Each structure stands twice: as C-alpha cells, then as structure tokens.
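Source file: start.txt; contents: compact mmCIF, C-alpha atoms.
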# COMPACT_ATOMS: atom_id res chain seq x y z
CA MET A 276 2.02 -60.52 -30.17
CA ASP A 277 3.50 -61.46 -33.54
CA LYS A 278 0.93 -64.11 -34.43
CA LEU A 279 -1.90 -61.64 -33.88
CA LYS A 280 -0.25 -59.10 -36.18
CA GLN A 281 0.16 -61.81 -38.79
CA MET A 282 -3.54 -62.79 -38.44
CA ILE A 283 -4.59 -59.14 -38.80
CA ILE A 284 -2.46 -58.73 -41.95
CA GLU A 285 -3.59 -62.02 -43.49
CA LYS A 286 -7.24 -62.15 -42.46
CA GLY A 287 -8.27 -58.64 -41.42
CA GLU A 288 -9.94 -56.23 -43.80
CA VAL A 289 -9.70 -52.47 -43.66
CA ARG A 290 -12.99 -50.80 -44.47
CA GLU A 291 -14.01 -47.20 -44.93
CA GLY A 292 -14.14 -45.07 -41.78
CA ASN A 293 -11.16 -46.76 -40.10
CA VAL A 294 -13.11 -49.97 -39.58
CA LEU A 295 -10.93 -53.07 -39.17
CA LYS A 296 -12.94 -56.21 -39.82
CA VAL A 297 -11.58 -59.27 -38.04
CA ASP A 298 -14.73 -61.35 -38.10
CA ASN A 299 -12.83 -64.23 -39.69
CA PHE A 300 -11.17 -65.12 -36.38
CA LEU A 301 -12.52 -62.88 -33.61
CA ASN A 302 -15.92 -61.22 -34.08
CA HIS A 303 -18.17 -63.66 -35.92
CA GLN A 304 -16.17 -66.78 -36.68
CA ILE A 305 -13.86 -67.57 -33.75
CA ASP A 306 -10.52 -69.29 -34.20
CA THR A 307 -10.51 -71.02 -30.82
CA GLU A 308 -6.97 -72.36 -31.04
CA PHE A 309 -5.63 -68.88 -31.72
CA LEU A 310 -7.78 -67.29 -29.02
CA TYR A 311 -6.41 -69.81 -26.55
CA GLU A 312 -2.97 -68.32 -27.25
CA VAL A 313 -4.40 -64.83 -26.73
CA GLY A 314 -5.69 -65.95 -23.33
CA GLU A 315 -2.27 -67.35 -22.47
CA GLU A 316 -0.60 -64.10 -23.49
CA PHE A 317 -2.89 -62.09 -21.20
CA TYR A 318 -1.98 -64.48 -18.41
CA ARG A 319 1.72 -63.90 -19.07
CA LEU A 320 1.17 -60.12 -18.93
CA PHE A 321 -1.04 -59.94 -15.83
CA LYS A 322 -0.32 -63.08 -13.79
CA GLU A 323 1.43 -61.12 -11.00
CA GLN A 324 -1.71 -59.06 -10.32
CA GLU A 325 -3.60 -61.59 -8.17
CA ILE A 326 -6.66 -61.28 -10.40
CA THR A 327 -9.91 -62.59 -8.86
CA LYS A 328 -12.28 -61.80 -11.72
CA ILE A 329 -12.11 -61.12 -15.44
CA LEU A 330 -14.55 -58.50 -16.61
CA THR A 331 -15.64 -57.81 -20.17
CA ILE A 332 -18.63 -56.68 -22.18
CA GLU A 333 -20.89 -58.63 -24.50
CA VAL A 334 -20.53 -59.71 -27.27
CA SER A 335 -17.00 -59.98 -28.65
CA GLY A 336 -15.23 -59.66 -25.31
CA ILE A 337 -16.70 -62.89 -23.97
CA ALA A 338 -14.55 -65.36 -25.92
CA ILE A 339 -11.39 -63.45 -25.01
CA ALA A 340 -12.27 -63.26 -21.32
CA LEU A 341 -13.14 -66.94 -21.27
CA MET A 342 -9.83 -68.01 -22.76
CA ALA A 343 -7.90 -65.81 -20.33
CA SER A 344 -9.91 -67.22 -17.42
CA LEU A 345 -8.80 -70.75 -18.33
CA PHE A 346 -5.32 -69.66 -17.30
CA PHE A 347 -6.20 -67.37 -14.38
CA LYS A 348 -8.70 -69.91 -13.01
CA VAL A 349 -11.14 -67.19 -11.95
CA PRO A 350 -14.72 -66.47 -13.08
CA VAL A 351 -15.66 -64.20 -15.98
CA VAL A 352 -18.34 -61.55 -15.63
CA PHE A 353 -19.63 -59.97 -18.80
CA ALA A 354 -21.46 -56.67 -18.68
CA LYS A 355 -24.80 -56.67 -20.46
CA LYS A 356 -25.94 -54.15 -23.03
CA THR A 357 -29.62 -55.00 -23.18
CA GLU A 358 -32.37 -55.14 -20.60
CA SER A 359 -33.82 -58.60 -20.05
CA LEU A 360 -36.39 -60.25 -17.82
CA ASN A 361 -33.51 -62.33 -16.51
CA LEU A 362 -31.33 -59.46 -15.33
CA ASP A 363 -31.42 -58.42 -11.69
CA LYS A 364 -32.96 -55.09 -10.81
CA ASP A 365 -30.02 -54.35 -8.51
CA ILE A 366 -27.29 -53.35 -10.96
CA TYR A 367 -24.35 -51.02 -11.61
CA LYS A 368 -25.01 -49.09 -14.79
CA SER A 369 -23.15 -46.71 -17.10
CA LYS A 370 -24.19 -45.03 -20.35
CA VAL A 371 -22.06 -45.58 -23.49
CA PHE A 372 -22.20 -44.44 -27.11
CA SER A 373 -21.29 -47.04 -29.76
CA TYR A 374 -19.91 -45.77 -33.06
CA SER A 375 -20.24 -49.06 -34.91
CA LYS A 376 -23.89 -49.49 -33.88
CA ARG A 377 -24.55 -45.72 -33.96
CA LYS A 378 -26.56 -45.66 -30.75
CA GLU A 379 -26.36 -45.12 -27.03
CA TYR A 380 -26.74 -48.06 -24.67
CA ASN A 381 -26.32 -48.97 -21.01
CA ILE A 382 -23.53 -51.17 -19.66
CA MET A 383 -25.00 -53.18 -16.78
CA ILE A 384 -23.56 -55.53 -14.16
CA SER A 385 -25.51 -57.20 -11.40
CA LYS A 386 -24.28 -56.06 -7.99
CA ARG A 387 -23.97 -59.70 -6.97
CA TYR A 388 -21.02 -60.37 -9.23
CA LEU A 389 -18.66 -57.58 -8.29
CA SER A 390 -17.41 -56.91 -4.77
CA LYS A 391 -15.02 -54.59 -2.95
CA ASP A 392 -12.60 -57.50 -2.58
CA ASP A 393 -12.31 -58.15 -6.31
CA LYS A 394 -9.10 -57.48 -8.20
CA VAL A 395 -10.29 -57.13 -11.74
CA LEU A 396 -8.70 -57.64 -15.13
CA ILE A 397 -10.80 -55.95 -17.82
CA VAL A 398 -10.41 -57.35 -21.34
CA ASP A 399 -11.93 -56.42 -24.68
CA ASP A 400 -11.38 -57.00 -28.38
CA PHE A 401 -10.88 -53.37 -29.50
CA LEU A 402 -9.86 -50.09 -27.93
CA ALA A 403 -10.46 -47.00 -30.06
CA VAL A 404 -12.09 -43.92 -28.54
CA GLY A 405 -12.46 -45.83 -25.30
CA ASN A 406 -16.17 -45.34 -24.69
CA ALA A 407 -16.99 -48.94 -23.81
CA MET A 408 -13.86 -49.18 -21.63
CA THR A 409 -14.74 -45.97 -19.77
CA GLY A 410 -18.15 -47.48 -19.07
CA LEU A 411 -16.61 -50.73 -17.83
CA ILE A 412 -14.24 -48.80 -15.57
CA ASP A 413 -17.18 -46.80 -14.25
CA VAL A 414 -19.26 -49.88 -13.32
CA THR A 415 -16.21 -51.59 -11.79
CA ARG A 416 -15.59 -48.56 -9.58
CA GLN A 417 -19.26 -48.39 -8.62
CA GLY A 418 -18.75 -51.93 -7.28
CA GLY A 419 -15.70 -50.79 -5.30
CA ALA A 420 -13.45 -53.35 -7.01
CA GLU A 421 -9.83 -52.64 -7.86
CA ILE A 422 -8.79 -52.52 -11.52
CA LYS A 423 -5.43 -54.32 -11.70
CA GLY A 424 -5.10 -54.36 -15.46
CA ILE A 425 -6.71 -53.74 -18.83
CA GLY A 426 -5.99 -56.17 -21.66
CA ILE A 427 -6.87 -55.24 -25.23
CA VAL A 428 -6.47 -57.43 -28.29
CA ILE A 429 -6.34 -54.64 -30.92
CA GLU A 430 -5.76 -51.00 -30.03
CA LYS A 431 -6.34 -48.32 -32.64
CA GLY A 432 -3.39 -46.19 -31.62
CA PHE A 433 -4.49 -43.31 -33.84
CA GLN A 434 -7.60 -42.86 -31.70
CA PRO A 435 -7.45 -41.35 -28.21
CA GLY A 436 -8.60 -44.24 -25.93
CA GLY A 437 -5.19 -45.79 -25.21
CA LYS A 438 -3.44 -42.51 -24.55
CA LEU A 439 -6.24 -41.36 -22.25
CA LEU A 440 -6.26 -44.56 -20.17
CA ARG A 441 -2.45 -44.65 -19.87
CA SER A 442 -2.42 -41.01 -18.77
CA GLN A 443 -4.91 -41.97 -16.05
CA GLY A 444 -2.41 -44.52 -14.75
CA PHE A 445 -4.13 -47.71 -15.86
CA ASN A 446 -1.96 -50.80 -16.41
CA LEU A 447 -3.07 -51.13 -20.03
CA LYS A 448 -1.52 -53.70 -22.38
CA SER A 449 -2.56 -54.14 -25.99
CA LEU A 450 -1.46 -57.20 -27.95
CA ALA A 451 -1.35 -55.18 -31.19
CA ILE A 452 -1.40 -51.41 -31.64
CA ILE A 453 -2.28 -50.04 -35.06
CA ASP A 454 -0.85 -46.58 -35.65
CA ASP A 455 -2.24 -46.06 -39.10
CA MET A 456 -4.54 -47.77 -41.57
CA SER A 457 -5.83 -44.68 -43.35
CA ASN A 458 -4.73 -45.78 -46.85
CA GLY A 459 -5.89 -49.38 -46.37
CA LYS A 460 -2.42 -50.53 -45.30
CA ILE A 461 -1.97 -51.45 -41.64
CA LYS A 462 1.02 -49.94 -39.81
CA PHE A 463 1.73 -51.39 -36.36
CA ARG A 464 3.45 -49.47 -33.57
CA MET B 722 -24.95 -84.46 -16.53
CA ASP B 723 -25.09 -84.77 -12.75
CA LYS B 724 -22.84 -81.83 -11.95
CA LEU B 725 -25.02 -79.53 -14.05
CA LYS B 726 -28.16 -80.66 -12.21
CA GLN B 727 -26.38 -80.03 -8.93
CA MET B 728 -25.35 -76.52 -10.10
CA ILE B 729 -28.93 -75.76 -11.16
CA ILE B 730 -30.29 -76.90 -7.79
CA GLU B 731 -27.63 -75.06 -5.78
CA LYS B 732 -27.21 -71.88 -7.79
CA GLY B 733 -30.22 -71.54 -10.09
CA GLU B 734 -33.26 -69.48 -9.17
CA VAL B 735 -36.79 -70.14 -10.32
CA ARG B 736 -38.63 -66.91 -11.12
CA GLU B 737 -42.20 -66.14 -12.07
CA GLY B 738 -43.23 -67.17 -15.58
CA ASN B 739 -41.11 -70.34 -15.67
CA VAL B 740 -37.88 -68.33 -15.80
CA LEU B 741 -34.82 -70.21 -14.58
CA LYS B 742 -32.04 -67.81 -13.69
CA VAL B 743 -28.57 -69.33 -13.98
CA ASP B 744 -26.62 -66.12 -14.29
CA ASN B 745 -24.37 -67.18 -11.43
CA PHE B 746 -22.48 -69.64 -13.63
CA LEU B 747 -23.76 -69.37 -17.21
CA ASN B 748 -25.51 -66.17 -18.33
CA HIS B 749 -23.75 -63.28 -16.64
CA GLN B 750 -21.02 -64.65 -14.42
CA ILE B 751 -19.35 -67.62 -16.12
CA ASP B 752 -17.84 -70.50 -14.18
CA THR B 753 -15.14 -71.33 -16.73
CA GLU B 754 -13.95 -74.50 -15.04
CA PHE B 755 -17.47 -75.91 -15.03
CA LEU B 756 -18.15 -74.81 -18.59
CA TYR B 757 -14.99 -76.60 -19.67
CA GLU B 758 -16.62 -79.82 -18.42
CA VAL B 759 -19.78 -78.94 -20.35
CA GLY B 760 -17.67 -78.61 -23.50
CA GLU B 761 -16.06 -81.98 -22.81
CA GLU B 762 -19.47 -83.58 -22.33
CA PHE B 763 -20.68 -82.26 -25.70
CA TYR B 764 -17.54 -83.71 -27.24
CA ARG B 765 -18.30 -87.09 -25.69
CA LEU B 766 -21.84 -86.99 -27.07
CA PHE B 767 -21.06 -85.82 -30.62
CA LYS B 768 -17.44 -86.79 -31.33
CA GLU B 769 -18.45 -89.47 -33.88
CA GLN B 770 -20.20 -86.86 -36.06
CA GLU B 771 -17.13 -85.46 -37.86
CA ILE B 772 -18.12 -81.94 -36.88
CA THR B 773 -16.40 -79.17 -38.90
CA LYS B 774 -18.02 -76.15 -37.26
CA ILE B 775 -19.82 -75.28 -34.05
CA LEU B 776 -22.67 -72.87 -34.51
CA THR B 777 -24.43 -70.86 -31.83
CA ILE B 778 -26.14 -67.53 -31.26
CA GLU B 779 -25.01 -64.51 -29.30
CA VAL B 780 -24.83 -63.94 -26.34
CA SER B 781 -25.00 -66.87 -23.94
CA GLY B 782 -24.26 -69.57 -26.50
CA ILE B 783 -20.78 -68.24 -27.22
CA ALA B 784 -19.04 -69.46 -24.07
CA ILE B 785 -20.57 -72.92 -24.47
CA ALA B 786 -19.60 -73.19 -28.14
CA LEU B 787 -16.08 -72.03 -27.38
CA MET B 788 -15.52 -74.63 -24.69
CA ALA B 789 -16.86 -77.39 -26.93
CA SER B 790 -14.63 -76.21 -29.77
CA LEU B 791 -11.55 -76.65 -27.57
CA PHE B 792 -12.26 -80.38 -27.75
CA PHE B 793 -13.55 -80.62 -31.34
CA LYS B 794 -10.71 -78.39 -32.61
CA VAL B 795 -12.98 -76.65 -35.13
CA PRO B 796 -14.01 -72.97 -35.41
CA VAL B 797 -17.06 -71.45 -33.74
CA VAL B 798 -19.47 -69.26 -35.67
CA PHE B 799 -21.97 -67.28 -33.66
CA ALA B 800 -25.07 -65.88 -35.31
CA LYS B 801 -25.62 -62.18 -34.74
CA LYS B 802 -28.82 -60.59 -33.50
CA THR B 803 -28.07 -56.97 -34.27
CA GLU B 804 -27.15 -55.11 -37.42
CA SER B 805 -23.69 -53.55 -37.35
CA LEU B 806 -21.45 -51.61 -39.68
CA ASN B 807 -19.04 -54.53 -39.35
CA LEU B 808 -21.41 -57.22 -40.59
CA ASP B 809 -21.26 -58.31 -44.22
CA LYS B 810 -24.16 -57.43 -46.48
CA ASP B 811 -24.15 -60.95 -47.85
CA ILE B 812 -25.87 -62.92 -45.08
CA TYR B 813 -28.26 -65.75 -44.28
CA LYS B 814 -31.10 -64.38 -42.18
CA SER B 815 -34.07 -65.70 -40.20
CA LYS B 816 -36.68 -63.93 -38.08
CA VAL B 817 -37.13 -64.98 -34.43
CA PHE B 818 -39.33 -63.89 -31.52
CA SER B 819 -37.68 -63.73 -28.10
CA TYR B 820 -39.90 -64.21 -25.04
CA SER B 821 -37.33 -63.03 -22.50
CA LYS B 822 -36.60 -59.83 -24.45
CA ARG B 823 -40.22 -59.52 -25.68
CA LYS B 824 -39.30 -58.56 -29.22
CA GLU B 825 -38.67 -59.91 -32.69
CA TYR B 826 -35.14 -59.94 -34.07
CA ASN B 827 -33.13 -61.33 -36.98
CA ILE B 828 -30.62 -64.15 -36.70
CA MET B 829 -27.81 -63.41 -39.17
CA ILE B 830 -24.76 -65.32 -40.40
CA SER B 831 -22.32 -64.11 -43.01
CA LYS B 832 -22.34 -66.40 -46.04
CA ARG B 833 -18.57 -66.65 -45.80
CA TYR B 834 -18.64 -68.71 -42.64
CA LEU B 835 -21.00 -71.50 -43.58
CA SER B 836 -20.57 -73.79 -46.57
CA LYS B 837 -22.20 -76.83 -48.16
CA ASP B 838 -19.31 -78.96 -46.90
CA ASP B 839 -19.84 -78.07 -43.25
CA LYS B 840 -21.05 -80.62 -40.73
CA VAL B 841 -22.48 -78.49 -38.00
CA LEU B 842 -23.05 -78.96 -34.29
CA ILE B 843 -25.47 -76.33 -33.00
CA VAL B 844 -25.24 -75.53 -29.29
CA ASP B 845 -27.16 -73.19 -27.01
CA ASP B 846 -27.75 -72.57 -23.33
CA PHE B 847 -31.54 -73.07 -23.23
CA LEU B 848 -34.18 -74.82 -25.28
CA ALA B 849 -37.78 -73.93 -24.45
CA VAL B 850 -40.25 -73.12 -27.24
CA GLY B 851 -37.43 -73.54 -29.71
CA ASN B 852 -37.72 -70.24 -31.56
CA ALA B 853 -34.02 -69.36 -31.56
CA MET B 854 -33.11 -72.96 -32.49
CA THR B 855 -35.59 -72.98 -35.38
CA GLY B 856 -33.94 -69.79 -36.65
CA LEU B 857 -30.46 -71.31 -36.33
CA ILE B 858 -31.59 -74.42 -38.20
CA ASP B 859 -33.09 -72.21 -40.90
CA VAL B 860 -29.88 -70.21 -41.48
CA THR B 861 -27.77 -73.38 -41.41
CA ARG B 862 -29.97 -74.91 -44.11
CA GLN B 863 -29.86 -71.73 -46.16
CA GLY B 864 -26.08 -72.26 -46.19
CA GLY B 865 -26.55 -75.85 -47.35
CA ALA B 866 -24.64 -77.23 -44.36
CA GLU B 867 -25.56 -80.50 -42.68
CA ILE B 868 -26.81 -80.42 -39.08
CA LYS B 869 -25.14 -83.38 -37.35
CA GLY B 870 -26.27 -82.59 -33.85
CA ILE B 871 -27.90 -80.13 -31.49
CA GLY B 872 -26.47 -79.76 -27.98
CA ILE B 873 -28.43 -77.95 -25.30
CA VAL B 874 -27.31 -77.22 -21.76
CA ILE B 875 -30.76 -76.85 -20.17
CA GLU B 876 -33.96 -78.01 -21.86
CA LYS B 877 -37.32 -76.96 -20.46
CA GLY B 878 -39.03 -80.28 -21.11
CA PHE B 879 -42.45 -78.86 -20.28
CA GLN B 880 -42.22 -76.56 -23.31
CA PRO B 881 -42.58 -77.89 -26.87
CA GLY B 882 -39.14 -77.18 -28.44
CA GLY B 883 -37.43 -80.47 -27.57
CA LYS B 884 -40.35 -82.65 -28.59
CA LEU B 885 -40.73 -80.77 -31.87
CA LEU B 886 -37.05 -81.06 -32.83
CA ARG B 887 -36.85 -84.75 -31.89
CA SER B 888 -39.99 -85.47 -33.96
CA GLN B 889 -38.23 -83.81 -36.90
CA GLY B 890 -35.41 -86.31 -36.55
CA PHE B 891 -32.71 -84.05 -35.13
CA ASN B 892 -29.94 -85.64 -33.06
CA LEU B 893 -30.75 -83.51 -30.02
CA LYS B 894 -29.03 -84.03 -26.67
CA SER B 895 -29.73 -81.93 -23.59
CA LEU B 896 -27.42 -82.11 -20.59
CA ALA B 897 -30.35 -81.47 -18.22
CA ILE B 898 -34.07 -81.64 -18.94
CA ILE B 899 -36.43 -79.94 -16.51
CA ASP B 900 -39.89 -81.46 -16.57
CA ASP B 901 -41.46 -79.19 -14.04
CA MET B 902 -40.61 -76.11 -12.00
CA SER B 903 -44.09 -74.65 -11.69
CA ASN B 904 -44.14 -74.56 -7.88
CA GLY B 905 -40.57 -73.25 -7.62
CA LYS B 906 -39.14 -76.74 -7.17
CA ILE B 907 -37.13 -78.18 -10.06
CA LYS B 908 -37.99 -81.69 -11.22
CA PHE B 909 -35.54 -83.24 -13.69
CA ARG B 910 -36.51 -85.90 -16.24
Is it possible to express this structure as structure tokens?
Amino acid sequence: MDKLKQMIIEKGEVREGNVLKVDNFLNHQIDTEFLYEVGEEFYRLFKEQEITKILTIEVSGIAIALMASLFFKVPVVFAKKTESLNLDKDIYKSKVFSYSKRKEYNIMISKRYLSKDDKVLIVDDFLAVGNAMTGLIDVTRQGGAEIKGIGIVIEKGFQPGGKLLRSQGFNLKSLAIIDDMSNGKIKFR
Amino acid sequence: MDKLKQMIIEKGEVREGNVLKVDNFLNHQIDTEFLYEVGEEFYRLFKEQEITKILTIEVSGIAIALMASLFFKVPVVFAKKTESLNLDKDIYKSKVFSYSKRKEYNIMISKRYLSKDDKVLIVDDFLAVGNAMTGLIDVTRQGGAEIKGIGIVIEKGFQPGGKLLRSQGFNLKSLAIIDDMSNGKIKFR
C-alpha cells in the first residue's frame, strides 16, 4: 500500500533496537481518514473470505479492526490483556511475552464472542516475532473458529513472525513489509 | 439516544456493585454499525464547537472517538495508561484510580499531540465517579488546549461525576443517563 509506505517514510521514526515509532498516525494519535483507507484495503484483500468476525488485540489493533469492519459489516472482537471485574470468567486464554512492554501477559477472549461457525479475519498493527499473533491464533482455535486471513499493517520482514505464519499456511497479507531499518533508513520489500 | 437505551436494556447486564456490562456491543465485542450512529450523534451535539481534536483514553474510548472523528474529520488522540518503550519521554501526565481494575495508574499524552491551539472534544464510554475524566481534563489543560465539550456514551447518574463536571461549567452531554440500577432494573433519566 503505497500511501502507507509514504506515511511511514514521512512520519515514522526509527529508534534504537529496531523500534519503528508510528504514533503520529497509528499508535497514539490516529489519522482516521488514512485508517479508513487501510480498512478498505483489508476489505479488498479479504472480501472473498466470507468473514463473520474481525478479531484483534487491544490497544492499537482496535482502530484498524474497526475501520475494516465498516467495510465487512461484521462485529469486531478485541482480545483483552488485563483482568477486569467486567470480564467474564468463562474465557479462552493464551500467554504472550511483549518485547516493547518487557513483560508476560494473558490474551483473553470471552467464550461468548467466538463460535465454531465464525470465519475470522485477524488484524493487527505490527507483526515482528509474532508472539501476539500466535496468542490470537491460539485463542481463536480454542473457540473452534476458522482463521480465513491475517491482515497486518506493518510487518518487520527481518524478524521471523511473517515467515513462520506463511510456512504454517496462513493467508497472511501485510500492507507494508520492512526488510531493513538497521541503519535508521527504512527499506521496504 | 433511544437506540442506545434499547441496546442497554436488551444486551446490557447489571452485575453486583453497580457494574453495567455492555461488552456485547461496546467493551469487548464492538457493534460497528451501532457505534457509527453513536459517532454521528456526537457530531450532531458538538458540531458547532469547531473541534480540532478528539481526545479519549485507552481502551474502550478508542472505538467511540474513532467513529466520531469520521464525522468531525479531525485526528483522535488516545491517552495511554501504560508505560512503553514506544512512548515519548516528553509527556503530560495525571494520576487516576480505577475502581473496575482496583489500582492507580497514570494517564499520559505525548506533548506533541496536544497544543494550545487545539479545541478538544473528550469522549469516553462511561462516566461514573469521574476519575478518568478528571485525569483527561488535567492533561488537556496541561497542554493548554481548550475543552469545548465532553461526550459520554453511558453516564451513571447516581454517581457524582456528571454533577461535578456540570457544576464546573463543562459542556457535558451523555447519550444515556442511568439514574438507578440498584435492584437490577435500569431506570433512565
């Protein structure tokens, strides 16, 4: 997606430790108009898949899933990372390690919102090592739902997540794949 | 907003401790089509205010802010609750106590995304005691921005937040105000 690459070049910032900061338009401030186009692009890529539910994980995945769901006209379910009085006791759960937060957490989805009949599109902002995605896949499978596609906004192609998921046969599409940013300059695939 | 009241009656669940669970359409599963109407309603209520930015707090405020921003055509900024390697060091910060999570946390906004020239609409899913909202108001004022309106989806009218904010002169509009749900039955204002 050319506009995304342009946004990354113009507004993204490469930080130490292969961190790409895109909080100008995606992770803290949200450029809604642009994200609407991201949603439309995911629809173009996955519209043949008879999607019944769009699944993501809090926090940054929510805006992306929501924009996609405007086109798919199906509900969003976002997996939770923190326990709350408001969360059901009856949940699917998977353990994940976050590099950016440097801690382990649970991915949780209430059993009510995922069924055997669901055909799921999973979306997220970043794919790097693939820990969060592996957790999302795990909870989706616990619910017996079928994973029809995985849509990623920015894939760090120099990390193993994308390769792993493709080798497992997932229908994974990334709107931008970064192959290198080690010297501060972003090289797209 | 009649449709919201209907959704609360049909799909909400009253739990012990005056907890209203609306995770069927707002807090876990998101009914995008309905939330689009919520965004439109906030636009109707605040469109005269020359809003330049919609401010909210992760997690559940994001979807609401995003839908409103589709109509206002301005960016969303969501305050963060957790430290991250990706967050700027240069932030506005306010301390808040959460009843549902039973812990204190910081509300944080990068100084880049709030300026003296901003006319802000703050939105959130719930208003009860008003702790999170007081924190959002505090960080907005630290940034020197003007608060032109506060839009709430569900106000618990039997708790003091709404009364407090109105007495302070804020242009607060709630799409549904619950005056009582103590016996499990919801009574709207």
| Which of A:Ile329, A:Leu447, A:Val334, A:Val352 sits closest to Gln750 (chain B) [using all atoms listed in the file] |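 Closest to Gln750 (chain B) of all the choices is A:Val352.
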| message | Counting only C-alpha atoms, which residue out of B:Tyr764, B:Tyr834, B:Phe909, B:Phe755 sits closest to Ala897 (chain B)? | response |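 Among the listed residues, the smallest separation from Ala897 (chain B) belongs to B:Phe909.
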| message | So that I can check the surroundings of Asn745 (chain B), please list as an NGL selection string every protein, DNA and RNA residue that reaches within 10 Å of it, counting only C-alpha atoms and ignoring chain neighbours fewer than 6 positions away. | response | (:A and (350 or 352 or 387-388)) or (:B and (728-729 or 732-734 or 751-752))
| chain B contacts to chain A at 9 Å (only C-alpha atoms) as a PyMOL selection string | chain B and resi 736+740-746+748-754+757+779-780+783-784+787-788+790-791+794-801+803-808+820-823+830-831+833-834
| message | Using only C-alpha atoms, which protein or nucleic acid residues come within 12 Å of region 766-768 of chain B? Drop anything in the same chain fewer than 6 positions from it, and give the result as a ChimeraX atom specification. | response | /B:722,759-760,775,789-790,792-795,840-844,868-873,892-896
| query | With distances taken over all atoms listed in the file, which of B:Gln770, B:Asn852, B:Ser819, B:Asn904 is nearest to Gly883 (chain B)? | reply |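 For Gly883 (chain B), the nearest of the given residues is B:Asn852.
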| said: Please list as a list of chain:residue names every residue within 12 Å of Pro435 (chain A), counting all atoms listed in the file and excluding residues in the same chain fewer than 4 positions away. | reply: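 Final neighbour list, sorted by chain and number: A:Leu402, A:Ala403, A:Val404, A:Gly405, A:Asn406, A:Glu430, A:Lys431, A:Leu439, A:Leu440, A:Arg441, A:Ser442, A:Asp454.
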| field | Between CA of Gly436 (chain A) and CA of Lys460 (chain A) - distance in Å to one decimal | value |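 Going from CA of Lys460 (chain A) over to CA of Gly436 (chain A) covers 21.3 Å.
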| query | In Å, how far is it from CA of Leu725 (chain B) to CA of Ser903 (chain B)? | reply |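 Spanning CA of Leu725 (chain B) to CA of Ser903 (chain B) is a straight-line distance of 19.8 Å.
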| At what distance in Å, to one decimal, does CA of Thr331 (chain A) lie from CA of Lys364 (chain A)? |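 That distance, rounded to one decimal, is 19.9 Å.
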| field | Near-Ser836 (chain B) list (7 Å; all atoms listed in the file; drop same-chain fewer than 2 positions) as a list in words | value |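 Contacts, with the query itself left out: Tyr834, Asp838, Asp839, Gly864, Gly865 and Ala866 of chain B.
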